[in-house]
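Peer 1: Handing over work-v3.tsv, TSV, C-alpha atoms.
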```
chain	number	residue	atom	x	y	z
A	1	GLY	CA	61.81	147.39	30.12
A	2	LYS	CA	58.72	146.03	31.78
A	3	ASN	CA	59.91	146.94	35.31
A	4	GLN	CA	60.13	150.63	34.36
A	5	GLY	CA	56.46	150.69	33.37
A	6	TYR	CA	57.01	151.07	29.62
A	7	ASN	CA	53.87	150.13	27.70
A	8	TYR	CA	54.62	148.30	24.49
A	9	PRO	CA	52.05	148.69	21.71
A	10	PRO	CA	50.30	145.43	20.76
A	11	LEU	CA	52.23	143.49	18.14
A	12	ASP	CA	50.43	143.39	14.81
A	13	ALA	CA	50.01	139.69	14.01
A	14	ILE	CA	50.85	140.49	10.36
A	15	TYR	CA	54.43	140.98	11.58
A	16	LEU	CA	54.64	137.24	12.24
A	17	ASP	CA	54.04	136.54	8.53
A	18	LYS	CA	57.60	137.78	7.92
A	19	TYR	CA	58.83	134.76	9.91
A	20	LYS	CA	56.16	132.30	8.75
A	21	HIS	CA	58.66	129.95	7.04
A	22	PHE	CA	60.48	129.56	10.39
A	23	ILE	CA	57.47	129.57	12.72
A	24	ASP	CA	55.53	126.97	10.72
A	25	ARG	CA	58.38	124.48	11.25
A	26	CYS	CA	58.44	124.89	15.04
A	27	PRO	CA	56.81	121.96	16.85
A	28	HIS	CA	56.15	124.09	19.95
A	29	ILE	CA	55.19	127.77	20.12
A	30	ASN	CA	55.21	129.46	23.53
A	31	ASP	CA	53.90	132.97	24.04
A	32	CYS	CA	56.15	134.77	26.50
A	33	SER	CA	55.14	138.31	25.60
A	34	PHE	CA	54.61	141.22	27.96
A	35	GLY	CA	51.17	141.85	29.36
A	36	GLU	CA	48.01	139.77	29.28
A	37	PRO	CA	47.89	137.66	26.08
A	38	LEU	CA	44.09	137.34	26.08
A	39	SER	CA	43.83	141.12	25.71
A	40	HIS	CA	45.42	141.00	22.24
A	41	PRO	CA	42.73	141.11	19.56
A	42	ALA	CA	44.46	138.47	17.39
A	43	PHE	CA	45.57	136.11	20.17
A	44	ILE	CA	42.77	133.55	19.81
A	45	ASP	CA	43.27	133.51	16.02
A	46	LEU	CA	46.97	132.81	16.53
A	47	ALA	CA	46.25	129.98	18.98
A	48	GLN	CA	43.80	128.47	16.49
A	49	HIS	CA	46.30	128.84	13.64
A	50	PHE	CA	49.15	127.12	15.49
A	51	THR	CA	47.06	124.26	16.89
A	52	SER	CA	45.32	123.62	13.56
A	53	ASN	CA	48.81	123.46	12.04
A	54	LYS	CA	49.54	120.56	14.48
A	55	GLN	CA	51.83	122.76	16.57
A	56	PHE	CA	51.76	122.72	20.36
A	57	PHE	CA	50.87	126.20	21.66
A	58	SER	CA	51.29	127.34	25.27
A	59	PHE	CA	50.83	130.56	27.20
A	60	VAL	CA	50.40	132.07	30.67
A	61	THR	CA	47.37	134.19	31.54
A	62	ASN	CA	45.81	135.82	34.57
A	63	GLY	CA	42.53	134.18	33.45
A	64	LEU	CA	40.39	137.26	34.02
A	65	LEU	CA	39.76	137.71	30.27
A	66	LEU	CA	39.04	134.01	29.70
A	67	THR	CA	35.47	134.85	28.74
A	68	LYS	CA	33.00	132.22	27.53
A	69	PRO	CA	33.53	133.04	23.82
A	70	LYS	CA	37.34	132.87	24.24
A	71	ALA	CA	37.11	129.72	26.36
A	72	ASN	CA	34.95	128.03	23.70
A	73	LYS	CA	37.47	128.81	20.96
A	74	LEU	CA	40.48	127.81	23.03
A	75	ALA	CA	38.82	124.57	24.18
A	76	ALA	CA	38.26	123.67	20.53
A	77	CYS	CA	42.06	123.79	20.03
A	78	GLY	CA	42.25	120.49	21.93
A	79	SER	CA	45.33	118.87	23.38
A	80	SER	CA	47.71	121.00	21.29
A	81	LEU	CA	46.91	123.89	23.63
A	82	SER	CA	48.52	124.33	27.04
A	83	MET	CA	47.67	127.11	29.45
A	84	CYS	CA	48.93	128.24	32.85
A	85	VAL	CA	46.67	130.49	34.89
A	86	SER	CA	48.17	132.59	37.69
A	87	PHE	CA	46.08	132.29	40.85
A	88	ASN	CA	48.33	133.14	43.82
A	89	ALA	CA	45.31	132.98	46.13
A	90	ALA	CA	42.47	130.74	47.22
A	91	THR	CA	40.09	133.38	48.60
A	92	GLU	CA	38.38	136.53	47.39
A	93	GLY	CA	40.13	138.69	50.02
A	94	THR	CA	43.70	137.63	49.28
A	95	PHE	CA	43.17	137.71	45.51
A	96	TYR	CA	41.75	141.24	45.78
A	97	LYS	CA	44.71	142.38	47.90
A	98	LEU	CA	47.11	141.03	45.27
A	99	ASN	CA	45.25	142.05	42.10
A	100	GLY	CA	42.35	144.34	42.92
A	101	LYS	CA	40.13	141.97	40.92
A	102	SER	CA	37.42	139.39	41.51
A	103	PHE	CA	38.60	135.90	42.50
A	104	SER	CA	35.15	134.41	41.87
A	105	ARG	CA	35.29	135.68	38.27
A	106	LEU	CA	38.65	133.96	37.80
A	107	VAL	CA	37.39	130.68	39.28
A	108	ASP	CA	34.20	130.84	37.20
A	109	ASN	CA	36.24	131.45	34.03
A	110	VAL	CA	38.50	128.47	34.75
A	111	ARG	CA	35.61	126.17	35.66
A	112	TYR	CA	33.79	127.11	32.45
A	113	PHE	CA	36.92	126.48	30.35
A	114	VAL	CA	37.46	123.04	31.92
A	115	LYS	CA	33.79	122.07	31.48
A	116	THR	CA	33.75	123.26	27.86
A	117	TYR	CA	37.09	121.60	27.10
A	118	ARG	CA	35.85	118.25	28.43
A	119	GLU	CA	32.64	118.56	26.35
A	120	LYS	CA	34.59	119.31	23.16
A	121	ASN	CA	37.35	116.72	23.76
A	122	ASP	CA	35.58	113.48	24.71
A	123	GLY	CA	35.89	114.07	28.46
A	124	ALA	CA	39.66	114.57	28.39
A	125	ALA	CA	41.20	117.00	30.86
A	126	PRO	CA	42.79	120.14	29.41
A	127	ARG	CA	46.50	120.84	29.65
A	128	LEU	CA	45.84	123.46	32.28
A	129	THR	CA	48.01	124.34	35.25
A	130	LEU	CA	46.97	126.75	37.99
A	131	THR	CA	49.99	128.47	39.50
A	132	PHE	CA	50.50	129.81	43.00
A	133	ILE	CA	53.56	131.81	44.03
A	134	VAL	CA	53.90	131.31	47.79
A	135	MET	CA	54.34	134.61	49.65
A	136	LYS	CA	53.73	135.84	53.20
A	137	ILE	CA	50.36	137.26	52.15
A	138	ASN	CA	49.03	133.95	50.78
A	139	ARG	CA	50.98	131.05	52.32
A	140	HIS	CA	48.08	130.24	54.67
A	141	GLU	CA	45.98	129.44	51.56
A	142	VAL	CA	48.25	126.81	49.97
A	143	LEU	CA	46.15	123.82	51.08
A	144	ASP	CA	42.90	125.50	50.00
A	145	PHE	CA	44.48	126.23	46.60
A	146	LEU	CA	45.54	122.58	46.23
A	147	ARG	CA	42.03	121.44	47.17
A	148	LEU	CA	40.53	123.82	44.62
A	149	THR	CA	42.77	122.57	41.78
A	150	ALA	CA	41.96	118.96	42.68
A	151	GLU	CA	38.25	119.74	42.73
A	152	ILE	CA	38.44	121.49	39.34
A	153	GLY	CA	40.50	118.58	38.03
A	154	VAL	CA	43.61	120.38	36.83
A	155	GLN	CA	47.29	120.52	37.76
A	156	ALA	CA	48.71	122.79	40.44
A	157	LEU	CA	52.12	124.40	40.49
A	158	LEU	CA	53.51	125.92	43.67
A	159	ALA	CA	56.54	128.18	43.38
A	160	PRO	CA	58.47	130.09	46.04
A	161	LEU	CA	58.77	133.85	45.77
A	162	HIS	CA	62.45	134.53	45.29
A	163	ALA	CA	64.51	137.68	45.28
A	164	ARG	CA	65.03	138.96	41.77
A	165	PRO	CA	67.97	141.12	40.78
A	166	GLY	CA	67.30	144.71	39.78
```
Using structure tokens, write down the structure that the file contains.
Peer 2:
Amino acid sequence: GKNQGYNYPPLDAIYLDKYKHFIDRCPHINDCSFGEPLSHPAFIDLAQHFTSNKQFFSFVTNGLLLTKPKANKLAACGSSLSMCVSFNAATEGTFYKLNGKSFSRLVDNVRYFVKTYREKNDGAAPRLTLTFIVMKINRHEVLDFLRLTAEIGVQALLAPLHARPG
């Protein structure tokens, strides 16, 4: 399983064709795969396929691979697309401690997506939620996170860190 560090190979999107007659009848498709969905070479194509088929498509991402080309394509999917981006921080220092990555890059990616989405969708706000799991390391940043989401103009979701079995 994922907790043991097993690396699953990327799913070939052709595999989904086997289930096309079922999938095409689903009103809502939610990606709950392992790993970062935006790293899959066919992910954007799948999002475009589902949303152009009038299906609601949602996924969770860390947002670090939400590059301008990907943001442009996802924004064009319109209101049939829903995305949650894991933040868990409101400063460069805390984000780096948690992820070893650049917080400013994440914020820039999200700002660009929101701006592009609004331009492509008559000023409408995207179905975008920024998530923040409250932990000892970041709880002092909750208010700053809420201010940031309000300033960007998207929804915030706060969740407590809870003990997980195993």
Peer 1: Could you check how far CA of Glu151 in chain A sits from CA of Val60 in chain A, in Å to one decimal?
Peer 2: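 It comes out at 21.1 Å.
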Peer 1: When you count all atoms listed in the file, which of these residues is closest to Lys97 in chain A: A:Ile29, A:Leu158, A:Ala71, A:Ile137?
Peer 2: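 Result for the nearest residue to Lys97 in chain A: A:Ile137.
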Peer 1: What is the CA of Leu65 in chain A-CA of His40 in chain A distance in Å, reported with one decimal?
Peer 2: 10.4 Å
Peer 1: So, counting all atoms listed in the file, which residue among A:Glu141, A:Val114, A:Pro69, A:Met83 is closest to Phe95 in chain A?
Peer 2: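 Distance minimum relative to Phe95 in chain A lands on A:Glu141.
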Peer 1: Would you list the residues near (50.8, 131.5, 27.1) (no more than 12 Å away, in the coordinates of the file, using only C-alpha atoms) as a PyMOL selection string?
Peer 2: chain A and resi 28-40+43-44+46-47+56-63+74+81-86+127-129
Peer 1: Using all atoms listed in the file, find the one residue out of A:Gln48, A:Ser104, A:Thr116, A:Gln55 that sits nearest to Ala75 in chain A.
Peer 2: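 The shortest atom-to-atom distance to Ala75 in chain A comes from A:Thr116.
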Peer 1: Report as JSON the centre and the edge lengths, in Å to one decimal, of the axis-aligned box holding every listed atom of range 152-157 of chain A, padded by 8 Å on each side.
Peer 2:
```
{"center_x": 45.3, "center_y": 121.5, "center_z": 38.7, "size_x": 29.7, "size_y": 21.8, "size_z": 19.7}
```
Peer 1: Any idea what the distance is between CA of Val142 in chain A and CA of Ala90 in chain A?
Peer 2: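 That distance, rounded to one decimal, is 7.5 Å.
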Peer 1: So that I can see what lies close to range 122-125 of chain A, please list as an MDAnalysis selection string the residues with an atom at most 9 Å from it, counting only C-alpha atoms and leaving out residues fewer than 5 positions away in the same chain.
Peer 2: chainID A and resid 79 114:115 117 153:154
